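So the structure is just underneath, and the comments pick up after that.
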Amino acid sequence: MIGNAEILRELTAALAAGRPVALATVVATKRSVPRRAGTKMLVFADGETIGTVGGGEMEAKAIAAARSAIEEHKPRVVTYELINPNEGDPGICGGELTLYLEPYMSPHTVYVIGCGHVGAAVIDLAHWLGYRTVAIDDRPDLVGEEALPNADVRFAGSVVDAIAAHPVPRDASIVVVTRSPEVDIRILPDLLATSARYIGVMGSRKRWAATRDELLAQGVPADQLERLHVPIGIEIKAETLEEIAVSIMSEVIKENRAEGT
């Protein structure tokens with residue numbers, strides 16, 4: 001049976017990977033119960049678990065409550081009596097078990113697609129702001145550790161492969177600062193297929209008009225294109241790379257605050 005030390009290692013790994021998770025800990029027991037106080041279990045947002053707090057219907061209820069704690073970003077205490085299933089108790093051990101469900105949310109993740117000068121500046125600023133960053137570019141020399149020392153994840157390859165390796169959570173932000181409209185046309189359908197809260201695209205209005213027309217011609221629905229923030233960033237008359245990064249991250253912050261996170 002997996003021990004608490006391994007549970008905590010898995011918790012650390014989950015946060016490093018950007019996976020929201022809840023730590024369920026048995027904090028009190030009475031009479032006969034399946035696990036002792038101090039026992040821990042991890043519950044992920046998709047229902048995957050590591051460890052156990054007793055199994056059966058009681059654990060199923062605990063998993064559901066832990067997933068709700070993740071969804072609401074709020075810890076909670078739940079108590080289960082394991083006495084009389086005929087009265088709705090999730091067990092017949094004869095005791096009572098109390099769990100503390102503590103959600104751990106990884107820092108907001110910013111995916112930066114295109115790691116040229118602007119992308120690198122955005123990654124540096126996002127890192128300084130405390131966000132988790134995922135750097136993606138099909139040019140390996142631009143996503144090395146030396147080029148992007150502040151990126152948490154560096155991926156050299158296609159956007160499709162990057163998303164498969166590092167799935168985009170629904171509250172993530174995607175910053176598209178690629179080298180050409182052709183790249184945008186190729187990758188935007190895949191980015192729009194994610195549940196990312198924010199997707200911003202760099203480029204002039206003229207560049208975007210041409211890109212939009214081509215995407216529509218390829219069958220991308222117009223309402224999907226309305227999700228995009230184009231041109232990316234808040235208008236602050238930015239000129240330098242650092243100012244452009246401030247403009248972009250200001251919009252990321254604004255959109256996330258608007259969602260109440």
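Chain lettering (A, B, ...) mirrors the order of the structure tokens, residue numbering begins at 1 for each chain separately, and ligand numbering begins at 1 in order of display.
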Would you give me, as a CSV table (one decimal) with C-alpha atoms, in the first residue's frame, the residues in segment 97-135 of chain A that DSSP reads as alpha helix (DSSP H)?
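This is the output file states.csv:
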chain,number,residue,atom,x,y,z
A,117,HIS,CA,12.2,38.1,-28.8
A,118,VAL,CA,8.6,38.9,-27.7
A,119,GLY,CA,7.9,35.4,-26.5
A,120,ALA,CA,11.0,35.3,-24.4
A,121,ALA,CA,10.1,38.7,-22.9
A,122,VAL,CA,6.6,37.4,-22.0
A,123,ILE,CA,8.0,34.3,-20.4
A,124,ASP,CA,10.4,36.4,-18.3
A,125,LEU,CA,7.6,38.7,-17.1
A,126,ALA,CA,5.2,35.8,-16.5
A,127,HIS,CA,7.8,34.1,-14.4
A,128,TRP,CA,8.4,37.2,-12.4
Just the residues within 9 Å of segment 44-49 of chain A, please, counting only C-alpha atoms, with nothing from its chain fewer than 3 positions along; format it as an MDAnalysis selection string.
chainID A and resid 14 19:23 41 52 63:64 66:68 70:71
Residue subset to file, keeping C-alpha atoms, as a PDB file, in the first residue's frame:
ATOM      1  CA  ALA A  14       1.385  17.016  -9.721  1.00  0.00           C
ATOM      2  CA  ARG A  19      -2.339  19.364 -12.347  1.00  0.00           C
ATOM      3  CA  PRO A  20      -4.875  20.563  -9.743  1.00  0.00           C
ATOM      4  CA  VAL A  21      -5.185  18.011  -6.964  1.00  0.00           C
ATOM      5  CA  ALA A  22      -6.788  17.613  -3.539  1.00  0.00           C
ATOM      6  CA  LEU A  23      -5.098  16.018  -0.554  1.00  0.00           C
ATOM      7  CA  MET A  41      -5.053  10.073  -0.480  1.00  0.00           C
ATOM      8  CA  THR A  52      -6.849   5.166  -0.261  1.00  0.00           C
ATOM      9  CA  ILE A  63     -13.580  11.503  -4.045  1.00  0.00           C
ATOM     10  CA  ALA A  64     -16.664  13.387  -5.226  1.00  0.00           C
ATOM     11  CA  ALA A  66     -12.572  16.323  -3.129  1.00  0.00           C
ATOM     12  CA  ARG A  67     -13.306  17.036  -6.781  1.00  0.00           C
ATOM     13  CA  SER A  68     -15.832  19.674  -5.701  1.00  0.00           C
ATOM     14  CA  ILE A  70     -10.867  21.467  -6.457  1.00  0.00           C
ATOM     15  CA  GLU A  71     -13.618  22.997  -8.588  1.00  0.00           C
TER      16      GLU A  71
END
Enumerate, in order of chain and increasing residue number, the residues of segment 98-133 of chain A with an atom no farther than 10 Å from segment 181-197 of chain A, each with its shortest atom pair and distance in Å to one decimal, counting only C-alpha atoms, as a Markdown table.
| residue | atom | partner | partner_atom | distance |
| --- | --- | --- | --- | --- |
| A:Thr109 | CA | A:Ala196 | CA | 10.0 |
| A:Val110 | CA | A:Ala196 | CA | 9.9 |
| A:Tyr111 | CA | A:Ala196 | CA | 9.7 |
| A:Ile113 | CA | A:Ile187 | CA | 9.3 |
| A:Gly114 | CA | A:Val183 | CA | 9.4 |
Mind running segment 190-216 of chain A against segment 237-248 of chain A at 12 Å and telling me each contacting residue's nearest atom pair with the distance in Å (one decimal), counting only C-alpha atoms, chain and number ascending, as a tab-separated table?
residue	atom	partner	partner_atom	distance
A:Tyr198	CA	A:Ile248	CA	11.3
A:Ile199	CA	A:Ile248	CA	10.9
A:Gly200	CA	A:Ile248	CA	8.2
A:Val201	CA	A:Ile248	CA	9.7
A:Met202	CA	A:Ile248	CA	9.1
A:Gly203	CA	A:Ile244	CA	11.9
Next, write the just-selected residues to a file, as a short mmCIF file (atom, residue, chain, number, x, y, z; two decimals), in the first residue's frame, keeping C-alpha atoms as the atom set.
data_model
loop_
_atom_site.label_atom_id
_atom_site.label_comp_id
_atom_site.auth_asym_id
_atom_site.auth_seq_id
_atom_site.Cartn_x
_atom_site.Cartn_y
_atom_site.Cartn_z
CA TYR A 198 -7.70 33.21 -22.79
CA ILE A 199 -6.08 33.05 -26.23
CA GLY A 200 -4.36 36.17 -27.52
CA VAL A 201 -2.77 36.54 -30.95
CA MET A 202 -0.08 39.05 -31.89
CA GLY A 203 -0.33 40.96 -35.14
#
Compile the contact shell of Val143 of chain A as a PyMOL selection string: residues with an atom at most 10 Å away, counting only C-alpha atoms, same-chain residues fewer than 2 positions apart removed.
chain A and resi 114-116+120+135-141+145-149+151+153-157
For a quick check of understanding, using only C-alpha atoms, which of A:Val27, A:Val176, A:Ile232, A:Ala258 has the smallest distance to Lys40 of chain A?
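Of A:Val27, A:Val176, A:Ile232, A:Ala258, the one nearest Lys40 of chain A, counting only C-alpha atoms, is A:Val27.
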